[in-house]
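Reviewing the structure listed below.
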Amino acid sequence: MKYRILGKTGFKVSEVSLGTWQLGGKWGEKFNWNTAEAIFNGAIESGVNFIDTADVYNDGLSEEAIGKFLKKVNRKIYVATKSGRKLMPHNTQGYNRKNITGFVEDSLKRLDIETIDLIQLHCPPTEVYFRPEVFEVLDDMKKDGKIQHYGVSVEKVEEALKAIQYPGLASVQIIYNMFRLKPTEIFFKEASKNNVGIIVRVPLASGLLSGKFNKNTLFSEGDHRNFNRDGKFFDKGETFSGVPYEIGLKAVEELKKVFPPEDLAKYSLRWVLMDKNVSCVIPGASNIDQVISNSATSDIPPLSKDQMETVERVYENYIKDHVHLLW
C-alpha cells in the first residue's frame, strides 16, 4: 500500500482507503456485524488506515461498528464521518449551530471517541456553501477539540470550488471516475493550490465500472441502483454517477478493449490514482474479498498512454453529454 498526504490535515493516508456506505452487506440488505468486522480486518491487514463513514449509513450502525473496531486495533486509524443528511427536510436552514453541534456530538458517542479526525458536511444544498456562518461553527468546534479538521462532501464541482475558499477547509470529497472527468478541468488544480485534500468517492460508478453488470442484472428492491436512477430520492449523480444505465454498459464494453475485463474494477481505481492531486480513493466493499482486491490496486503499475486516451475518448463519445453540465 502506498500513502499520500490528505491536504492540510497532514494525515498520511492509504491511497486506497475504505468507504462504508454498503458496509456489512450490499445496498438494501440488512447490516451484518460479523461481515463488517471482517471487512475492517481485511482492510487494515491490506494497509488501509483511513475509513470514511456517515451518521446516516445503516442508521448509525456503521459508526458504531467502526467505534467498536477501533478499540481492537493497536495502530492509528483515521476516521472521517459526515453529517447533515439526517435533516428532515434536508434544507439550507437546517445547517445551523444547534443541528451541526448535535450531529457531531451524536457521532462522537456512536464512534466512542473524544475527537473526530475529519468531519464533513454531507452534500448540503448549494446555498450552504455561500453561508460563512456555517463554516464558523466548524471552526469553533475545531477550537473546542470536538473535531480535528473539517471538510465537505459535494455533488457539484461549483460547490467544491466555493468550499475551498474557506481557509479552514481541509478536504473535499467528490465523485471522480472514468465517467466523471470534470473535476480535473479546474477544481483539482485549485484544491492543490489551497492545500485541500481530495477524497474520491463513487470511483466505480456504483459498480458499473466493475464490468460485471449487463442489461439483465437485477438489483434488490432496497438498492438505490434499482430505485434512484432518475433521482427520485436523492441526487441521481449518486447512482451510476448519473449515467443512463444502458449507455454506461456500452461505454464499459469499449473500456474492456484496453483493460483486462476481469480486473476492470482494479484498473478503474488505478485510473483515479493516476492523478497526483488525489489524496485517496474510498471504494466501498460488501465482503472481505472486495476489500483485498481494491487494496491491491496500489500495486498496479501506471496505466499506459493508450489506456488513458481510451478513457477520454469513451467519455467524449458516450458519457459527456449526459453528465458534464450537471455536476
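In the C-alpha cells, chains take letters A, B, ... by order of appearance, with residues numbered from 1 within each chain and ligands from 1 in the order shown.
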- From a DSSP calculation on the backbone, collect every residue of range 89-249 of chain A in strand (DSSP E) and output the set as a ChimeraX atom specification. /A:118-122,150-153,169-175,197-201
- For the atom pair CA of Gly47 in chain A and CA of Met1 in chain A, what is the interatomic distance in Å to one decimal place? 5.6 Å
Considering only C-alpha atoms, tabulate each residue of range 194-227 of chain A that lies at most 12 Å from range 135-158 of chain A along with its nearest interatomic pair and the corresponding distance in Å to one decimal; arrange the rows by chain and ascending residue number and present them as CSV.
```
residue,atom,partner,partner_atom,distance
A:Val196,CA,A:Gly151,CA,8.9
A:Gly197,CA,A:Gly151,CA,8.9
A:Ile198,CA,A:Gly151,CA,9.8
A:Ile199,CA,A:Ser153,CA,8.7
A:Val200,CA,A:Ser153,CA,9.6
A:Arg201,CA,A:Ser153,CA,9.0
A:Val202,CA,A:Glu155,CA,11.1
```
Would you save the residues from that selection as a JSON list (two decimals), in the first residue's frame, using C-alpha atoms?
```
[["chain", "number", "residue", "atom", "x", "y", "z"],
["A", 196, "VAL", "CA", -7.02, 20.93, 0.24],
["A", 197, "GLY", "CA", -7.10, 17.14, 0.24],
["A", 198, "ILE", "CA", -9.19, 15.33, -2.37],
["A", 199, "ILE", "CA", -11.12, 12.24, -1.30],
["A", 200, "VAL", "CA", -12.58, 10.43, -4.31],
["A", 201, "ARG", "CA", -15.91, 8.71, -3.82],
["A", 202, "VAL", "CA", -18.09, 6.59, -6.15]]
```
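Interatomic distance, CA of Thr126 in chain A to CA of Asp106 in chain A: 24.6 Å.
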